[in-house]
Amino acid sequence: MKEKLKIFTNGIFKENPVLILLLGCCSVLAISVTVSGALGMGLALTFVLVCSNVVISLLRKIIPDKVRIPCFIVVIATFVTLVQMIVEAFLPDLNNALGVFLPLIVVNCIVLGRAEMFASKHGVVDSFLDGLGMGLGYTFVIVGIAVIRELIGNGTIFDQRIIPEGYQIGIISQTPGGFMMFGFAMALLIYCLNKKGKKFEPRIGCDGKCGSCTANCESRITDLPGQDETVEVK
Amino acid sequence: MMSGAAKLLLITFSMIFTENYVLVQFLGICPFLGVSKKLDSSLGMSGAVIFVMTLASAVTWLVYTFIMVPLGLEYLDTIIFILVIAALVQFVEIVLKKYMRGLYDALGVYLPLITTNCAVLAVTLLNIEENYNFLESVVDGLTAGVGFGLALILFSGVRKALERAKPPKPFEGLPITLIAAALTSMTFMGFVGIADKLFG
């Protein structure tokens with residue numbers, strides 16, 4: 001039981017897909033403009049991640065090793081198309097907020113990365129919990145950044161005005177603000193980890209090898225040198 | 001209704017400057033931050049992206065118009081496009097390896113990484129959404145790639161200067177790079193509205 005809980009919380013804290021593994025940054029930066037959009041994106045991604053993890057885990061003994069990536073992509077794309085249709089039909093506002101980033105969940109490194117790193121090697125229950133944990137971890141971060149960006153940039157949260165009109169700093173909810181807030185969030189994380197005596201060197205997208213975001217190239221938290229040997233992450 | 005040439009110019013200008021994929025629309029951030037450390041790798045990656053984006057725009061437009069629309073399969077665009085792009089990248093790699101060794105040596109290592117680059121899938125999906133015709137789609141793909149390359153090359157210069165800077169300890173590495181990216185994207189905000197005034 002404890003093991004299972006660990007798999008679940010792993011995605012939320014220790015291996016948070018956005019802040020620690022640095023996967024799927026495009027959608028985090030682009031969608032974290034409004035809280036409602038961020039929440040919708042987070043839930044859509046969680047749904048796709050859980051479903052694709054379960055199906056890939058069920059099929060892991062059938063899928064031939066050589067063509068596994070295309071197989072994963074087809075499974076993922078199926079669920080993304082499902083979500084796309086549901087959102088288009090029932091939530092037109094959310095559809096407008098997410099735009100092209102909804103179909104782009106297909107190439108979101110988190111989903112493909114978890115399929116390759118976890119679901120293709122573990123059982124169904126574990127993969128389900130991993131997908132749920134990773135999805136919620138992503139949702140927490142994107143909603144957290146969106147709360148700050150919507151509050152400062154637009155003066156509202158869930159379209160409820162909090163800061164009076166005319167006092168908001170518009171650039172925070174525009175493109176530069178996205179990069180900046182993500183940079184500050186990362187710096188805060190590194191500061192907190194350094195205080196605790198941990199070392200964290202974020203490496204984004206496997207040095208650009210986003211397409212092959214498979215095992216062995218994600219960044220990890222390690223202990224500071226001297227306390228333990230530092231794992232140089234490549 | 002604007003004329004064909006004016007529309008092509010508008011697409012070109014907005015894709016490179018006002019609607020730049022990386023710095024305005026947040027597409028393709030991973031390669032942007034990952035590869036921009038050195039100028040020559042930025043150049044190689046930009047070349048590969050321009051090449052694949054142009055080809056993918058052309059091929060997916062043809063597939064969509066002549067296969068998917070007659071069969072009523074428009075709702076499968078995400079699945080079919082990603083498979084077409086994956087197959088195309090593989091095909092291009094094989095052809096280049098066999099017949100154009102020079103180009104392969106320059107772009108080869110970056111090609112397999114492009115399949116899941118979100119900018120490539122985005123350009124093909126947006127072409128369909130905008131109802132572009134064939135020529136407009138190809139120009140859109142080409143100029144989106146050029147815009148990506150421009151951002152990447154500009155930013156590799158910024159990063160070179162950044163290496164000599166000494167930020168506060170927690171900001172070292174990726175955080176200060178992200179903040180530099182924020183400042184770079186701020187410069188591109190200066191282009192907002194120009195396109196409509198020029199060609200509108």
# chains A, B, ... in the order shown; residues from 1 in each chain; ligands from 1
>>> interface_residues(of="chain A", to="chain B", cutoff="9 Å", atoms="only C-alpha atoms", output="VMD selection string")
chain A and resid 23 to 27 29 to 30 70 73 to 74 76 to 78 80 to 81 85 100 to 101 103 to 109 171 174 to 192 194 201 to 212
>>> residues_around(residues="Ile16 (chain B)", least_positions_apart="6", cutoff="10 Å", atoms="only C-alpha atoms", output="PyMOL selection string")
chain B and resi 22+140+142-151+188
>>> write_last_selection(atoms="N, CA and C atoms", output="mmCIF file, in the first residue's frame")
data_model
loop_
_atom_site.group_PDB
_atom_site.id
_atom_site.type_symbol
_atom_site.label_atom_id
_atom_site.label_comp_id
_atom_site.auth_asym_id
_atom_site.auth_seq_id
_atom_site.Cartn_x
_atom_site.Cartn_y
_atom_site.Cartn_z
ATOM 1 N N VAL B 22 8.133 31.033 -31.388
ATOM 2 C CA VAL B 22 8.772 30.795 -30.099
ATOM 3 C C VAL B 22 8.488 31.933 -29.137
ATOM 4 N N ASP B 140 3.450 29.681 -45.161
ATOM 5 C CA ASP B 140 3.269 29.729 -43.719
ATOM 6 C C ASP B 140 4.274 28.820 -43.023
ATOM 7 N N LEU B 142 7.144 27.684 -44.228
ATOM 8 C CA LEU B 142 8.502 28.179 -44.451
ATOM 9 C C LEU B 142 8.817 29.336 -43.516
ATOM 10 N N THR B 143 7.903 30.319 -43.453
ATOM 11 C CA THR B 143 8.211 31.516 -42.677
ATOM 12 C C THR B 143 8.109 31.261 -41.181
ATOM 13 N N ALA B 144 7.230 30.336 -40.769
ATOM 14 C CA ALA B 144 7.199 29.978 -39.348
ATOM 15 C C ALA B 144 8.546 29.384 -38.949
ATOM 16 N N GLY B 145 9.111 28.557 -39.854
ATOM 17 C CA GLY B 145 10.433 27.997 -39.595
ATOM 18 C C GLY B 145 11.494 29.070 -39.540
ATOM 19 N N VAL B 146 11.411 30.053 -40.471
ATOM 20 C CA VAL B 146 12.390 31.141 -40.473
ATOM 21 C C VAL B 146 12.289 31.941 -39.173
ATOM 22 N N GLY B 147 11.040 32.180 -38.713
ATOM 23 C CA GLY B 147 10.851 32.896 -37.455
ATOM 24 C C GLY B 147 11.456 32.136 -36.290
ATOM 25 N N PHE B 148 11.254 30.824 -36.292
ATOM 26 C CA PHE B 148 11.848 29.969 -35.260
ATOM 27 C C PHE B 148 13.366 30.100 -35.284
ATOM 28 N N GLY B 149 13.929 30.037 -36.507
ATOM 29 C CA GLY B 149 15.380 30.137 -36.651
ATOM 30 C C GLY B 149 15.895 31.481 -36.170
ATOM 31 N N LEU B 150 15.181 32.546 -36.530
ATOM 32 C CA LEU B 150 15.601 33.890 -36.116
ATOM 33 C C LEU B 150 15.659 33.975 -34.591
ATOM 34 N N ALA B 151 14.591 33.479 -33.934
ATOM 35 C CA ALA B 151 14.558 33.534 -32.474
ATOM 36 C C ALA B 151 15.710 32.731 -31.884
ATOM 37 N N PHE B 188 10.296 41.527 -29.161
ATOM 38 C CA PHE B 188 9.392 41.177 -30.256
ATOM 39 C C PHE B 188 8.004 41.775 -30.058
#
>>> atom_distance(atom1="CA of Phe47 (chain A)", atom2="CA of Val83 (chain A)")
8.2 Å
>>> closest_residue(among="B:Ser57, B:Phe51, B:Glu130, B:Phe66", to="Val92 (chain B)", atoms="only C-alpha atoms")
B:Phe51
>>> residues_around(residues="Leu98 (chain A)", least_positions_apart="2", cutoff="8 Å", atoms="only C-alpha atoms", output="compact mmCIF listing (two decimals) with N, CA and C atoms, in the first residue's frame")
# COMPACT_ATOMS: atom_id res chain seq x y z
N ILE A 31 -0.52 28.49 -21.51
CA ILE A 31 -1.89 28.39 -21.01
C ILE A 31 -2.06 29.02 -19.63
N GLY A 37 -8.57 28.47 -17.60
CA GLY A 37 -7.94 27.77 -18.72
C GLY A 37 -6.90 26.78 -18.24
N MET A 41 -6.83 22.79 -18.84
CA MET A 41 -5.69 22.14 -19.49
C MET A 41 -5.14 21.04 -18.60
N LEU A 94 -13.59 26.98 -23.02
CA LEU A 94 -12.30 26.34 -22.75
C LEU A 94 -11.58 26.05 -24.06
N ASN A 95 -12.35 25.63 -25.06
CA ASN A 95 -11.76 25.34 -26.36
C ASN A 95 -11.07 26.58 -26.92
N ASN A 96 -11.70 27.75 -26.77
CA ASN A 96 -11.08 28.98 -27.26
C ASN A 96 -9.83 29.32 -26.46
N VAL A 100 -4.76 25.78 -30.04
CA VAL A 100 -4.01 24.70 -30.66
C VAL A 100 -3.30 23.85 -29.61
N PHE A 101 -3.22 24.33 -28.36
CA PHE A 101 -2.50 23.56 -27.36
C PHE A 101 -3.26 22.32 -26.91
N LEU A 102 -4.56 22.25 -27.20
CA LEU A 102 -5.32 21.03 -26.87
C LEU A 102 -4.88 19.85 -27.75
>>> select_by_dssp(residues="chain A", states="strand (DSSP E)", output="JSON, numbers by chain")
{"A": [156, 157, 160, 161, 198, 199, 200, 221, 222, 223]}
>>> residues_around(residues="Ser57 (chain A)", least_positions_apart="6", cutoff="8 Å", atoms="only C-alpha atoms", output="MDAnalysis selection string")
chainID A and resid 119:124 127
>>> write_last_selection(atoms="C-alpha atoms", output="JSON list (two decimals), in the first residue's frame")
[["chain", "number", "residue", "atom", "x", "y", "z"],
["A", 119, "ALA", "CA", 3.91, 2.58, -18.41],
["A", 120, "SER", "CA", 5.86, 0.36, -20.80],
["A", 121, "LYS", "CA", 7.69, -1.21, -17.86],
["A", 122, "HIS", "CA", 5.11, -1.41, -15.07],
["A", 123, "GLY", "CA", 1.75, -3.00, -14.29],
["A", 124, "VAL", "CA", -1.66, -1.47, -14.86],
["A", 127, "SER", "CA", 0.77, 3.01, -14.32]]
>>> atom_distance(atom1="CA of Val55 (chain A)", atom2="CA of Phe79 (chain A)")
10.2 Å
>>> residues_around(residues="Val84 (chain B)", least_positions_apart="3", cutoff="9 Å", atoms="only C-alpha atoms", output="PyMOL selection string")
chain B and resi 56+59-60+63+79-81+87-89
>>> write_last_selection(atoms="C-alpha atoms", output="short mmCIF file (atom, residue, chain, number, x, y, z; two decimals), in the first residue's frame")
data_model
loop_
_atom_site.label_atom_id
_atom_site.label_comp_id
_atom_site.auth_asym_id
_atom_site.auth_seq_id
_atom_site.Cartn_x
_atom_site.Cartn_y
_atom_site.Cartn_z
CA ALA B 56 5.17 18.97 -43.57
CA VAL B 59 2.29 17.19 -47.45
CA THR B 60 -0.35 17.54 -44.73
CA VAL B 63 -3.31 14.73 -47.49
CA ILE B 79 -3.67 11.46 -35.38
CA ILE B 80 -3.08 11.49 -39.12
CA PHE B 81 -0.87 14.59 -39.09
CA ALA B 87 6.87 9.13 -41.50
CA LEU B 88 8.01 12.22 -43.41
CA VAL B 89 10.89 12.89 -41.04
#
>>> atom_distance(atom1="CA of Arg159 (chain B)", atom2="CA of Lys38 (chain B)")
8.4 Å
>>> select_by_dssp(residues="region 132-192 of chain B", states="alpha helix (DSSP H)", output="MDAnalysis selection string")
chainID B and resid 134:164 174:189
>>> residues_around(residues="Gly131 (chain A)", least_positions_apart="3", cutoff="8 Å", atoms="only C-alpha atoms", output="list in words")
Thr46, Leu49, Val50, Asn53, Arg114, Ser127, Phe128, Met134 and Gly135 of chain A
>>> write_last_selection(atoms="C-alpha atoms", output="compact mmCIF listing (two decimals), in the first residue's frame")
# COMPACT_ATOMS: atom_id res chain seq x y z
CA THR A 46 -4.48 14.28 -16.57
CA LEU A 49 -2.14 10.70 -19.25
CA VAL A 50 -4.13 8.29 -17.08
CA ASN A 53 -0.73 5.00 -19.28
CA ARG A 114 5.71 8.63 -18.99
CA SER A 127 0.77 3.01 -14.32
CA PHE A 128 -2.67 4.34 -13.42
CA MET A 134 1.96 13.16 -12.80
CA GLY A 135 -1.21 14.73 -14.15
>>> closest_residue(among="A:Ile163, A:Leu59, A:Ile7, A:Ala97", to="Leu39 (chain A)", atoms="only C-alpha atoms")
A:Ala97
>>> closest_residue(among="B:Leu135, B:Val158, B:Lys166, B:Asp196", to="Leu8 (chain B)", atoms="only C-alpha atoms")
B:Leu135
>>> decode(residues="region 64-87 of chain A", atoms="C-alpha atoms", output="PDB file, in the first residue's frame")
ATOM      1  CA  PRO A  64       7.049  -4.761 -30.556  1.00  0.00           C
ATOM      2  CA  ASP A  65      10.038  -2.928 -29.189  1.00  0.00           C
ATOM      3  CA  LYS A  66      11.159  -1.451 -32.506  1.00  0.00           C
ATOM      4  CA  VAL A  67       7.949   0.400 -33.306  1.00  0.00           C
ATOM      5  CA  ARG A  68       6.942   1.269 -29.768  1.00  0.00           C
ATOM      6  CA  ILE A  69       7.136   5.059 -30.131  1.00  0.00           C
ATOM      7  CA  PRO A  70       4.703   5.231 -33.095  1.00  0.00           C
ATOM      8  CA  CYS A  71       2.391   2.837 -31.223  1.00  0.00           C
ATOM      9  CA  PHE A  72       2.478   5.056 -28.143  1.00  0.00           C
ATOM     10  CA  ILE A  73       1.760   8.105 -30.275  1.00  0.00           C
ATOM     11  CA  VAL A  74      -1.289   6.466 -31.842  1.00  0.00           C
ATOM     12  CA  VAL A  75      -2.683   5.505 -28.428  1.00  0.00           C
ATOM     13  CA  ILE A  76      -2.067   8.995 -27.070  1.00  0.00           C
ATOM     14  CA  ALA A  77      -3.494  10.693 -30.164  1.00  0.00           C
ATOM     15  CA  THR A  78      -6.682   8.638 -29.846  1.00  0.00           C
ATOM     16  CA  PHE A  79      -7.347   9.914 -26.345  1.00  0.00           C
ATOM     17  CA  VAL A  80      -6.386  13.457 -27.302  1.00  0.00           C
ATOM     18  CA  THR A  81      -8.910  13.364 -30.142  1.00  0.00           C
ATOM     19  CA  LEU A  82     -11.549  12.147 -27.676  1.00  0.00           C
ATOM     20  CA  VAL A  83     -10.830  15.004 -25.284  1.00  0.00           C
ATOM     21  CA  GLN A  84     -10.753  17.454 -28.173  1.00  0.00           C
ATOM     22  CA  MET A  85     -14.219  16.402 -29.313  1.00  0.00           C
ATOM     23  CA  ILE A  86     -15.687  16.532 -25.806  1.00  0.00           C
ATOM     24  CA  VAL A  87     -14.250  19.972 -25.103  1.00  0.00           C
TER      25      VAL A  87
END
